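Visitor: Would you mind keeping the following structure in view while I ask a few things?
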Amino acid sequence: MSKIPERPLNGDVEDDDEDEANDGLEAWERTYAEDRSWEDLQEDESGLLRPIDDTAIYHAQYRRRLRALASTAATARIQKGLIRYLYVVVDLSKAASERDFRPSRMAVIGRQVETFIREFFDQNPLSHVGLVTIKDGIAHCLTELGGSPESHIKALMGKLDCSGDASLQNALELVLGYLNQIPSYGHREVLILYSALSTCDPGDLMETIQKCKKSKIRCSVIGLAAEMFICKHLCQETGGTYYVALDETHFKELILEHAPPPPAISEYATANLIKMGFPQRAAEGSVAICTCHEEAKTGGGYTCPRCKVRVCELPTECRICGLTLISSPHLARSYHHLFPIVPFDEVSPSSQNDPHNSLLNTCFGCQQSLHTQGSKPGLSVTCPKCKQQFCLDCDIYIHESLHNCPGCESFRHSKSEIASQ
Amino acid sequence: MPSAPSKLYADDVSLLVVTLDTNPFFWSTFSVSFSDFLSQVLAFLNSILLLSQLNQLVVIATGCNSCGYVYDSASSKNHAPPTASMPALYSNLLHNLEQFVARDQKLSKPDHDTQGIVPASLLSGALSMALCYIQRAFRSGSMHPQPRILCLQGSADGPEQYVAIMNAIFSAQRSTVPIDSCYIGSNNSAFLQQASYITGGIYYKPPQLDGLFQYLSTVFATDLHSRAFLRLPKSLGVDFRASCFCHKQTIDMGYVCSVCLSIFCERHDKCSTCGSVFGQAKQDVTSANSKKRKA
Ligand SMILES: [Zn+2]
Ligand SMILES: [Zn+2]
Ligand SMILES: [Zn+2]
Ligand SMILES: [Zn+2]
Ligand SMILES: [Zn+2]
Ligand SMILES: [Zn+2]
């Protein structure tokens, strides 16, 4: 996603290696866009400085991550905690005004929490997020658990100023009170973004940590300063993760790791069948009185399948009969977690030049030629199930965004074989 | 919904990827013959290319055993030589389509011929290929044509493709690619209705097929920029019902596994998808709790 150019090309690109990943900027131009641009340079054979060709590195990194994911998926059953109740605790003590992150820790947190919340709801459409801030030693609930990303982001952006000390205990006690009320099938989680190096607590923090453990709340911390024993202890006790961010990119990586659903641990939430209704959307011109605003509305609304009243938005709970109403696409957004596609096998460039393979010299997905990509030999991958060849770009797109193998999907035989497996 | 980063487009240059339903089981039972349908579609496709010199057109055939690219206006491999009587588009497309249909026919297993039931076309495969092609256009630089997908579909939805089609729809939504659908079958297609609704495309079922070219050219030929100024067909409702995992039946009320969100039409003790064993039915506790939260 971050690879999509955000600015038009300014000036001619004289460089012959077309590196789209650099946002269309030359290395020297990027000096002004970000710090430490010298780290993105490397020397070539003749001693000239060139920007690092990071597509190859990017792809290698991605393949490593994919393999790691596949190996964990093979050992554990595919159970994910898809219904999550997450509180994001933002530390706004005066440590958050430090300028070791540019322009300040607070601004970086604000920016990344926004990205995180959007990504979170994209991946966990049935989940809920709430925001808590710590300031002047007091924890304050900024937004209640809810499903609308915009309202959370707006609330946080309005409250970005910091003062006083941080208190882990107050924050945990507050969150504990809220999370104890949620249904038993929900996964309770807290993500703390901690800038301070100390905590000013009214009582025994250890006791609170034990309470969190008992309530099965998974606490994770991302530190912005340095490692603290108490944070590590909290995460170890409650089954969360603890990392300290080195810079903004690292921080972004760390926070986005919390977006995909965590593996479901059966002792954390009991499995349950939930009765749900799938209302149909009415035609654009129809008029009906909705139960949520209690007024006549024109335009598409949804009709509860049990009691036939009109509601304006999904997901919701029917005000009349109490049925959970949801649209099936909301559920379908998470299905790719359940039916992941296997990693593709790499094809060595030598075997590609076989006369046997010469017919398959285009990517099955995008029709791009696999033979030559500039001067480099074209690397490619094949799907172990349908044996179709794909280029590296399609490989990434298929596994990161599409979650379908175009080859497997376009042959009935391979489809029925998969179904029988 | 996540807002995709704004992209720099040439205002009205389009990349149109068309998926063309060639399912022989559908066409042999349908009131209009495939060749009549095709002749109207070809005229429409040609008019897309004539609208702007920069417009790009890709056609993917959606068979019932396979899918394949049959035309790419950017490709240099359009074999058939243009004749005086036919534009290059027609001869190339027809040549490839003929080969595709023959290949698709060969792939069908004899035991697959289930009497009476029309097998669904592989729409999930065609959509996946179309999206891969469009990603390639995105990669080609910041001045790429504005892509959209048009599904010309006749055969009914294949419930076994549900997950794959939804995955494709969400991926299209994330990269802001609208999926238009022109559905000519007898009932509405719930898959295509959802695809067009979620991605912001147009779903349209022509009331009669004699004037198909007119419908195609007035509704689907418009580029995304011009759509803001036109009164295009409004959605006549979207079928958001789900199909259950146990019988592939369409249901409007059902049970959802809290671990994996699989949908079932009746109560089970154990989830067949993820293997979770369900505890006591705590339906009342749940609603009581949520009421407390609201209070
Ligand atoms: Zn309302
Ligand atoms: Zn109701
Ligand atoms: Zn490709
Ligand atoms: Zn495959
Ligand atoms: Zn069923
Ligand atoms: Zn399940």
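Going by the structure tokens order, chains are called A, B, ..., each with residues numbered from 1, while ligands are numbered from 1 in the order shown.
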Quick one: everything within 9 Å of Leu97 of chain B, counting only C-alpha atoms, minus sequence neighbours fewer than 6 positions away in the same chain. Send it as a ChimeraX atom specification.
Guide: /B:61,69-71
Visitor: For chain A against ligand 2, with a cut-off of 12 Å and counting only C-alpha atoms and all ligand atoms, what is the closest atom pair and its distance in Å to one decimal for every residue that makes the cut, ordered by chain and number, as JSON lines?
Guide:
```
{"residue": "A:Met276", "atom": "CA", "partner": "ligand 2", "partner_atom_place_in_ligand_line": "1 (Zn)", "distance": 10.4}
{"residue": "A:Gly277", "atom": "CA", "partner": "ligand 2", "partner_atom_place_in_ligand_line": "1 (Zn)", "distance": 8.5}
{"residue": "A:Phe278", "atom": "CA", "partner": "ligand 2", "partner_atom_place_in_ligand_line": "1 (Zn)", "distance": 10.8}
{"residue": "A:Pro279", "atom": "CA", "partner": "ligand 2", "partner_atom_place_in_ligand_line": "1 (Zn)", "distance": 9.7}
{"residue": "A:Cys290", "atom": "CA", "partner": "ligand 2", "partner_atom_place_in_ligand_line": "1 (Zn)", "distance": 11.6}
{"residue": "A:Thr291", "atom": "CA", "partner": "ligand 2", "partner_atom_place_in_ligand_line": "1 (Zn)", "distance": 9.8}
{"residue": "A:Cys292", "atom": "CA", "partner": "ligand 2", "partner_atom_place_in_ligand_line": "1 (Zn)", "distance": 11.7}
{"residue": "A:Tyr302", "atom": "CA", "partner": "ligand 2", "partner_atom_place_in_ligand_line": "1 (Zn)", "distance": 10.6}
{"residue": "A:Thr303", "atom": "CA", "partner": "ligand 2", "partner_atom_place_in_ligand_line": "1 (Zn)", "distance": 8.1}
{"residue": "A:Cys304", "atom": "CA", "partner": "ligand 2", "partner_atom_place_in_ligand_line": "1 (Zn)", "distance": 4.7}
{"residue": "A:Pro305", "atom": "CA", "partner": "ligand 2", "partner_atom_place_in_ligand_line": "1 (Zn)", "distance": 6.6}
{"residue": "A:Arg306", "atom": "CA", "partner": "ligand 2", "partner_atom_place_in_ligand_line": "1 (Zn)", "distance": 5.0}
{"residue": "A:Cys307", "atom": "CA", "partner": "ligand 2", "partner_atom_place_in_ligand_line": "1 (Zn)", "distance": 4.2}
{"residue": "A:Lys308", "atom": "CA", "partner": "ligand 2", "partner_atom_place_in_ligand_line": "1 (Zn)", "distance": 6.1}
{"residue": "A:Val309", "atom": "CA", "partner": "ligand 2", "partner_atom_place_in_ligand_line": "1 (Zn)", "distance": 6.1}
{"residue": "A:Arg310", "atom": "CA", "partner": "ligand 2", "partner_atom_place_in_ligand_line": "1 (Zn)", "distance": 8.5}
{"residue": "A:Val311", "atom": "CA", "partner": "ligand 2", "partner_atom_place_in_ligand_line": "1 (Zn)", "distance": 9.1}
{"residue": "A:Thr316", "atom": "CA", "partner": "ligand 2", "partner_atom_place_in_ligand_line": "1 (Zn)", "distance": 10.4}
{"residue": "A:Glu317", "atom": "CA", "partner": "ligand 2", "partner_atom_place_in_ligand_line": "1 (Zn)", "distance": 8.0}
{"residue": "A:Cys318", "atom": "CA", "partner": "ligand 2", "partner_atom_place_in_ligand_line": "1 (Zn)", "distance": 4.6}
{"residue": "A:Arg319", "atom": "CA", "partner": "ligand 2", "partner_atom_place_in_ligand_line": "1 (Zn)", "distance": 6.6}
{"residue": "A:Ile320", "atom": "CA", "partner": "ligand 2", "partner_atom_place_in_ligand_line": "1 (Zn)", "distance": 5.1}
{"residue": "A:Cys321", "atom": "CA", "partner": "ligand 2", "partner_atom_place_in_ligand_line": "1 (Zn)", "distance": 4.2}
{"residue": "A:Gly322", "atom": "CA", "partner": "ligand 2", "partner_atom_place_in_ligand_line": "1 (Zn)", "distance": 6.1}
{"residue": "A:Leu323", "atom": "CA", "partner": "ligand 2", "partner_atom_place_in_ligand_line": "1 (Zn)", "distance": 5.7}
{"residue": "A:Thr324", "atom": "CA", "partner": "ligand 2", "partner_atom_place_in_ligand_line": "1 (Zn)", "distance": 8.4}
{"residue": "A:Leu325", "atom": "CA", "partner": "ligand 2", "partner_atom_place_in_ligand_line": "1 (Zn)", "distance": 8.2}
{"residue": "A:Ile326", "atom": "CA", "partner": "ligand 2", "partner_atom_place_in_ligand_line": "1 (Zn)", "distance": 11.8}
```
Visitor: Could you list, as a list in words, all residues that come within 9 Å of ligand 4? Count only C-alpha atoms and all ligand atoms.
Guide: Ile341, Val342, Phe344, Thr382, Cys383, Pro384, Lys385, Cys386, Lys387, Gln388, Gln389, Asn404, Cys405, Pro406, Gly407, Cys408, Glu409, Ser410 and Ser414 of chain A
Visitor: Could you write out the selected residues, including N, CA, C and O atoms, as a tab-separated table (two decimals), in the first residue's frame?
Guide:
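Result file is result11.tsv:
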```tsv
chain	number	residue	atom	x	y	z
A	341	ILE	N	-4.16	-18.89	1.39
A	341	ILE	CA	-3.59	-19.62	0.27
A	341	ILE	C	-2.14	-19.94	0.58
A	341	ILE	O	-1.43	-19.16	1.22
A	342	VAL	N	-1.70	-21.10	0.12
A	342	VAL	CA	-0.36	-21.59	0.44
A	342	VAL	C	0.67	-20.68	-0.22
A	342	VAL	O	0.41	-20.08	-1.27
A	344	PHE	N	3.64	-19.66	-2.58
A	344	PHE	CA	4.03	-20.20	-3.89
A	344	PHE	C	5.50	-20.63	-3.85
A	344	PHE	O	6.28	-20.10	-3.07
A	382	THR	N	5.54	-20.45	-8.67
A	382	THR	CA	4.39	-21.23	-9.13
A	382	THR	C	3.54	-21.63	-7.94
A	382	THR	O	4.03	-21.82	-6.84
A	383	CYS	N	2.25	-21.76	-8.21
A	383	CYS	CA	1.34	-22.23	-7.19
A	383	CYS	C	1.47	-23.75	-7.13
A	383	CYS	O	1.38	-24.41	-8.15
A	384	PRO	N	1.72	-24.31	-5.93
A	384	PRO	CA	1.88	-25.76	-5.85
A	384	PRO	C	0.61	-26.53	-6.21
A	384	PRO	O	0.69	-27.71	-6.53
A	385	LYS	N	-0.54	-25.89	-6.17
A	385	LYS	CA	-1.79	-26.62	-6.45
A	385	LYS	C	-2.11	-26.62	-7.94
A	385	LYS	O	-2.37	-27.66	-8.52
A	386	CYS	N	-2.12	-25.42	-8.57
A	386	CYS	CA	-2.55	-25.38	-9.96
A	386	CYS	C	-1.37	-25.31	-10.93
A	386	CYS	O	-1.57	-25.34	-12.13
A	387	LYS	N	-0.13	-25.18	-10.39
A	387	LYS	CA	1.10	-25.17	-11.20
A	387	LYS	C	1.19	-23.99	-12.17
A	387	LYS	O	1.95	-24.04	-13.13
A	388	GLN	N	0.39	-22.96	-11.97
A	388	GLN	CA	0.51	-21.80	-12.84
A	388	GLN	C	1.67	-20.92	-12.37
A	388	GLN	O	1.99	-20.90	-11.18
A	389	GLN	N	2.27	-20.20	-13.32
A	389	GLN	CA	3.39	-19.32	-12.96
A	389	GLN	C	2.91	-17.90	-12.75
A	389	GLN	O	2.03	-17.42	-13.45
A	404	ASN	N	-6.77	-14.94	-3.18
A	404	ASN	CA	-7.26	-15.97	-4.09
A	404	ASN	C	-6.11	-16.33	-4.99
A	404	ASN	O	-5.38	-15.44	-5.40
A	405	CYS	N	-5.98	-17.57	-5.38
A	405	CYS	CA	-5.04	-17.89	-6.45
A	405	CYS	C	-5.82	-17.85	-7.76
A	405	CYS	O	-6.74	-18.64	-7.94
A	406	PRO	N	-5.49	-16.93	-8.68
A	406	PRO	CA	-6.24	-16.84	-9.94
A	406	PRO	C	-6.20	-18.15	-10.70
A	406	PRO	O	-7.17	-18.52	-11.38
A	407	GLY	N	-5.10	-18.89	-10.59
A	407	GLY	CA	-4.98	-20.17	-11.28
A	407	GLY	C	-5.96	-21.19	-10.73
A	407	GLY	O	-6.70	-21.83	-11.47
A	408	CYS	N	-5.94	-21.34	-9.40
A	408	CYS	CA	-6.84	-22.33	-8.79
A	408	CYS	C	-8.30	-21.95	-9.02
A	408	CYS	O	-9.14	-22.83	-9.23
A	409	GLU	N	-8.58	-20.64	-9.02
A	409	GLU	CA	-9.97	-20.21	-9.17
A	409	GLU	C	-10.47	-20.40	-10.59
A	409	GLU	O	-11.66	-20.42	-10.82
A	410	SER	N	-9.55	-20.47	-11.56
A	410	SER	CA	-10.04	-20.51	-12.93
A	410	SER	C	-9.94	-21.89	-13.56
A	410	SER	O	-9.97	-22.01	-14.77
A	414	SER	N	-9.06	-28.12	-10.58
A	414	SER	CA	-8.25	-27.83	-9.41
A	414	SER	C	-9.14	-27.39	-8.25
A	414	SER	O	-8.82	-27.63	-7.10
```
Visitor: Find the spatial neighbours of segment 188-200 of chain B, counting only C-alpha atoms, within a cut-off of 6 Å - ignore same-chain residues fewer than 5 positions away - and output them as a compact mmCIF listing (two decimals) with N, CA and C atoms, in the first residue's frame.
Guide:
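Everything below was put into result05.txt:
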```txt
# COMPACT_ATOMS: atom_id res chain seq x y z
N ILE B 169 -13.81 -9.00 -4.31
CA ILE B 169 -14.54 -7.74 -4.16
C ILE B 169 -13.81 -6.81 -3.17
N GLN B 173 -12.18 -3.18 -3.78
CA GLN B 173 -12.57 -2.01 -3.00
C GLN B 173 -11.34 -1.31 -2.43
N PRO B 178 -13.86 0.05 -9.41
CA PRO B 178 -15.29 -0.29 -9.42
C PRO B 178 -15.57 -1.51 -10.29
N ILE B 179 -16.49 -2.34 -9.84
CA ILE B 179 -16.93 -3.49 -10.63
C ILE B 179 -18.34 -3.20 -11.14
N ASP B 180 -18.49 -2.99 -12.45
CA ASP B 180 -19.80 -2.81 -13.06
C ASP B 180 -20.32 -4.18 -13.43
N VAL B 238 -30.15 -4.53 -2.67
CA VAL B 238 -29.05 -5.47 -2.75
C VAL B 238 -29.40 -6.66 -1.86
N ASP B 239 -29.17 -7.84 -2.39
CA ASP B 239 -29.44 -9.04 -1.63
C ASP B 239 -28.22 -9.34 -0.76
```
Visitor: Could you pull out the residues in segment 123-329 of chain A that DSSP calls strand (DSSP E or B) from the backbone, as a VMD selection string?
Guide: chain A and resid 128 to 135 138 to 146 187 to 194 217 to 223 242 to 244 263 273 to 277 280 to 281 287 to 290 296 to 298 302 to 303 310 to 311 316 to 317 324 to 325
Visitor: Identify, counting only C-alpha atoms and all ligand atoms, the protein, DNA and RNA residues located within 10 Å of ligand 3, and give them as a ChimeraX atom specification.
Guide: /A:362-370,380-381,389-398 /B:129,132-136
Visitor: Please provide as a list of chain:residue names all residues within 7 Å of Tyr87 of chain A, with the sequence filter that same-chain residues fewer than 2 positions apart are discarded (counting only C-alpha atoms).
Guide: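 My reading of the contact set: A:Tyr85, A:Val89, A:Val129, A:Gly130, A:Leu131, A:Val132, A:Glu189, A:Val190, A:Leu191.
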Visitor: If you keep C-alpha atoms, can you produce a file of those selected residues as a PDB file, in the first residue's frame?
Guide:
```
ATOM      1  CA  TYR A  85     -12.734  -5.816  22.109  1.00  0.00           C
ATOM      2  CA  VAL A  89      -4.268   3.359  25.769  1.00  0.00           C
ATOM      3  CA  VAL A 129     -12.175  -0.316  19.771  1.00  0.00           C
ATOM      4  CA  GLY A 130     -12.104   2.192  22.607  1.00  0.00           C
ATOM      5  CA  LEU A 131      -9.552   4.907  23.358  1.00  0.00           C
ATOM      6  CA  VAL A 132      -8.108   5.777  26.770  1.00  0.00           C
ATOM      7  CA  GLU A 189      -7.242  -6.816  24.600  1.00  0.00           C
ATOM      8  CA  VAL A 190      -5.365  -3.713  25.674  1.00  0.00           C
ATOM      9  CA  LEU A 191      -2.690  -2.038  23.597  1.00  0.00           C
TER      10      LEU A 191
END
```
Visitor: Determine, for each residue of chain B having at least one atom at most 9 Å from an atom of ligand 6, the closest pair of atoms and their separation in Å to one decimal, counting only C-alpha atoms and all ligand atoms; order by chain and ascending number, as a Markdown table.
Guide:
```
| residue | atom | partner | partner_atom_place_in_ligand_line | distance |
| --- | --- | --- | --- | --- |
| B:Val256 | CA | ligand 6 | 1 (Zn) | 7.9 |
| B:Cys257 | CA | ligand 6 | 1 (Zn) | 4.6 |
| B:Ser258 | CA | ligand 6 | 1 (Zn) | 6.6 |
| B:Val259 | CA | ligand 6 | 1 (Zn) | 5.0 |
| B:Cys260 | CA | ligand 6 | 1 (Zn) | 4.2 |
| B:Leu261 | CA | ligand 6 | 1 (Zn) | 6.1 |
| B:Ser262 | CA | ligand 6 | 1 (Zn) | 5.6 |
| B:Ile263 | CA | ligand 6 | 1 (Zn) | 8.6 |
| B:Lys270 | CA | ligand 6 | 1 (Zn) | 7.8 |
| B:Cys271 | CA | ligand 6 | 1 (Zn) | 4.5 |
| B:Ser272 | CA | ligand 6 | 1 (Zn) | 6.6 |
| B:Thr273 | CA | ligand 6 | 1 (Zn) | 5.2 |
| B:Cys274 | CA | ligand 6 | 1 (Zn) | 4.2 |
| B:Gly275 | CA | ligand 6 | 1 (Zn) | 6.1 |
| B:Ser276 | CA | ligand 6 | 1 (Zn) | 5.7 |
| B:Val277 | CA | ligand 6 | 1 (Zn) | 8.4 |
| B:Phe278 | CA | ligand 6 | 1 (Zn) | 8.9 |
```
Visitor: Taking the backbone alone, and naming residues the way the document does, which bits of segment 106-225 of chain A are alpha helix (DSSP H) by DSSP, as an MDAnalysis selection string?
Guide: chainID A and resid 106:123 149:157 168:179 205:214
Visitor: Using only C-alpha atoms, please write the residues we just selected to a file, as a JSON list (two decimals), in the first residue's frame.
Guide:
```
[["chain", "number", "residue", "atom", "x", "y", "z"],
["A", 106, "MET", "CA", 2.74, 12.57, 20.46],
["A", 107, "ALA", "CA", 2.32, 13.56, 16.80],
["A", 108, "VAL", "CA", 3.79, 10.27, 15.62],
["A", 109, "ILE", "CA", 1.45, 8.35, 17.92],
["A", 110, "GLY", "CA", -1.54, 10.31, 16.64],
["A", 111, "ARG", "CA", -0.62, 9.65, 13.04],
["A", 112, "GLN", "CA", 0.03, 5.95, 13.51],
["A", 113, "VAL", "CA", -3.02, 5.32, 15.70],
["A", 114, "GLU", "CA", -5.12, 6.71, 12.87],
["A", 115, "THR", "CA", -3.59, 4.28, 10.35],
["A", 116, "PHE", "CA", -3.91, 1.49, 12.86],
["A", 117, "ILE", "CA", -7.59, 2.09, 13.58],
["A", 118, "ARG", "CA", -8.46, 2.09, 9.88],
["A", 119, "GLU", "CA", -6.47, -1.07, 9.26],
["A", 120, "PHE", "CA", -7.94, -2.69, 12.37],
["A", 121, "PHE", "CA", -11.52, -2.22, 11.22],
["A", 122, "ASP", "CA", -10.62, -3.34, 7.73],
["A", 123, "GLN", "CA", -9.38, -6.64, 9.12],
["A", 149, "PRO", "CA", -13.28, 4.36, 12.97],
["A", 150, "GLU", "CA", -14.04, 8.00, 12.16],
["A", 151, "SER", "CA", -15.40, 8.90, 15.59],
["A", 152, "HIS", "CA", -12.33, 7.45, 17.34],
["A", 153, "ILE", "CA", -9.92, 9.27, 15.08],
["A", 154, "LYS", "CA", -11.75, 12.55, 15.47],
["A", 155, "ALA", "CA", -11.81, 12.24, 19.27],
["A", 156, "LEU", "CA", -8.09, 11.52, 19.45],
["A", 157, "MET", "CA", -7.05, 14.32, 17.09],
["A", 168, "LEU", "CA", -0.28, 2.36, 34.31],
["A", 169, "GLN", "CA", -2.42, 1.24, 37.20],
["A", 170, "ASN", "CA", -5.12, 3.85, 36.70],
["A", 171, "ALA", "CA", -5.31, 3.03, 33.01],
["A", 172, "LEU", "CA", -5.53, -0.72, 33.61],
["A", 173, "GLU", "CA", -8.16, -0.34, 36.34],
["A", 174, "LEU", "CA", -10.31, 1.81, 34.05],
["A", 175, "VAL", "CA", -10.04, -0.59, 31.13],
["A", 176, "LEU", "CA", -10.65, -3.56, 33.40],
["A", 177, "GLY", "CA", -13.94, -2.08, 34.50],
["A", 178, "TYR", "CA", -15.12, -1.72, 30.93],
["A", 179, "LEU", "CA", -13.83, -5.01, 29.57],
["A", 205, "LEU", "CA", 0.29, -2.28, 40.34],
["A", 206, "MET", "CA", 1.16, -5.97, 40.74],
["A", 207, "GLU", "CA", -2.29, -6.62, 42.12],
["A", 208, "THR", "CA", -3.89, -4.92, 39.11],
["A", 209, "ILE", "CA", -1.79, -7.02, 36.76],
["A", 210, "GLN", "CA", -3.04, -10.16, 38.47],
["A", 211, "LYS", "CA", -6.60, -8.89, 38.10],
["A", 212, "CYS", "CA", -6.05, -8.41, 34.35],
["A", 213, "LYS", "CA", -4.67, -11.91, 34.15],
["A", 214, "LYS", "CA", -7.71, -13.28, 35.93]]
```
Visitor: Near Ser286 of chain A, within 7 Å and counting only C-alpha atoms, which residues show up once chain neighbours fewer than 3 positions away are dropped, as a VMD selection string?
Guide: chain A and resid 282 to 283 298 to 300
Visitor: So which residues touch Thr250 of chain B within 9 Å, counting only C-alpha atoms, skipping near sequence neighbours fewer than 2 positions away, as an MDAnalysis selection string?
Guide: chainID B and resid 159 241:244 247:248 252 265
Visitor: Could you turn the residues from that selection into a file that holds N, CA, C and O atoms, as a compact mmCIF listing (two decimals), in the first residue's frame?
Guide:
```
# COMPACT_ATOMS: atom_id res chain seq x y z
N PRO B 159 -22.52 -20.97 -5.58
CA PRO B 159 -22.31 -20.73 -4.14
C PRO B 159 -20.93 -21.17 -3.67
O PRO B 159 -20.38 -20.60 -2.73
N ARG B 241 -28.18 -11.39 1.74
CA ARG B 241 -28.31 -12.63 2.48
C ARG B 241 -27.05 -13.48 2.32
O ARG B 241 -26.33 -13.37 1.34
N ALA B 242 -26.80 -14.30 3.30
CA ALA B 242 -25.60 -15.12 3.29
C ALA B 242 -25.96 -16.53 2.86
O ALA B 242 -27.12 -16.90 2.86
N SER B 243 -24.94 -17.31 2.46
CA SER B 243 -25.22 -18.72 2.23
C SER B 243 -24.53 -19.51 3.32
O SER B 243 -23.40 -19.22 3.69
N CYS B 244 -25.25 -20.50 3.86
CA CYS B 244 -24.71 -21.24 5.00
C CYS B 244 -23.60 -22.17 4.53
O CYS B 244 -23.60 -22.62 3.38
N HIS B 247 -25.04 -26.24 4.01
CA HIS B 247 -25.80 -26.72 2.85
C HIS B 247 -25.71 -25.79 1.65
O HIS B 247 -26.35 -26.02 0.65
N LYS B 248 -24.93 -24.72 1.75
CA LYS B 248 -24.81 -23.72 0.68
C LYS B 248 -26.17 -23.13 0.32
O LYS B 248 -26.44 -22.82 -0.84
N ASP B 252 -31.65 -15.89 5.59
CA ASP B 252 -31.64 -14.51 6.09
C ASP B 252 -31.48 -14.45 7.60
O ASP B 252 -31.35 -13.38 8.18
N CYS B 265 -27.06 -22.78 9.20
CA CYS B 265 -28.49 -22.51 9.18
C CYS B 265 -29.18 -23.13 10.39
O CYS B 265 -30.32 -22.86 10.67
```
Visitor: Pick from B:Ser14, B:Ser108, B:Asn23, B:Ser35: nearest to chain A, with only C-alpha atoms counted?
Guide: B:Ser108
Visitor: Which one is closest to chain B: A:Pro315, A:Gly81, A:Gly158, A:Pro125? Count only C-alpha atoms.
Guide: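 Closest candidate: A:Gly81.
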Visitor: Near Ala120 of chain B, within 7 Å and counting only C-alpha atoms, which residues show up once chain neighbours fewer than 6 positions away are dropped, as number ranges by chain?
Guide: B: 64, 155-158
Visitor: What does the file look like for those residues with N, CA, C and O atoms, as a short mmCIF file (atom, residue, chain, number, x, y, z; two decimals), in the first residue's frame?
Guide:
```
data_model
loop_
_atom_site.label_atom_id
_atom_site.label_comp_id
_atom_site.auth_asym_id
_atom_site.auth_seq_id
_atom_site.Cartn_x
_atom_site.Cartn_y
_atom_site.Cartn_z
N CYS B 64 -16.88 -22.41 -18.12
CA CYS B 64 -17.34 -23.15 -16.96
C CYS B 64 -16.29 -24.14 -16.50
O CYS B 64 -16.43 -24.74 -15.45
N SER B 155 -24.96 -16.71 -16.47
CA SER B 155 -25.27 -17.89 -15.66
C SER B 155 -25.40 -17.51 -14.19
O SER B 155 -24.90 -16.48 -13.75
N ALA B 156 -26.07 -18.38 -13.44
CA ALA B 156 -26.38 -18.09 -12.04
C ALA B 156 -25.12 -18.17 -11.18
O ALA B 156 -24.10 -18.71 -11.59
N ASP B 157 -25.21 -17.62 -9.97
CA ASP B 157 -24.09 -17.64 -9.03
C ASP B 157 -23.73 -19.07 -8.64
O ASP B 157 -24.61 -19.91 -8.47
N GLY B 158 -22.45 -19.32 -8.48
CA GLY B 158 -22.00 -20.60 -7.95
C GLY B 158 -21.67 -20.45 -6.48
O GLY B 158 -20.67 -19.82 -6.15
#
```
Visitor: Would you mind reading off the distance between atom CA of Thr29 of chain B and atom CA of Glu98 of chain B, one decimal, in Å?
Guide: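 Taking atom CA of Thr29 of chain B as the start and atom CA of Glu98 of chain B as the end point, the length is 19.9 Å.
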Visitor: Could you work out how far atom CA of Thr199 of chain A lies from atom CA of Pro262 of chain A, giving the answer in Å with one decimal?
Guide: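 Here the two named atoms are 27.9 Å from each other.
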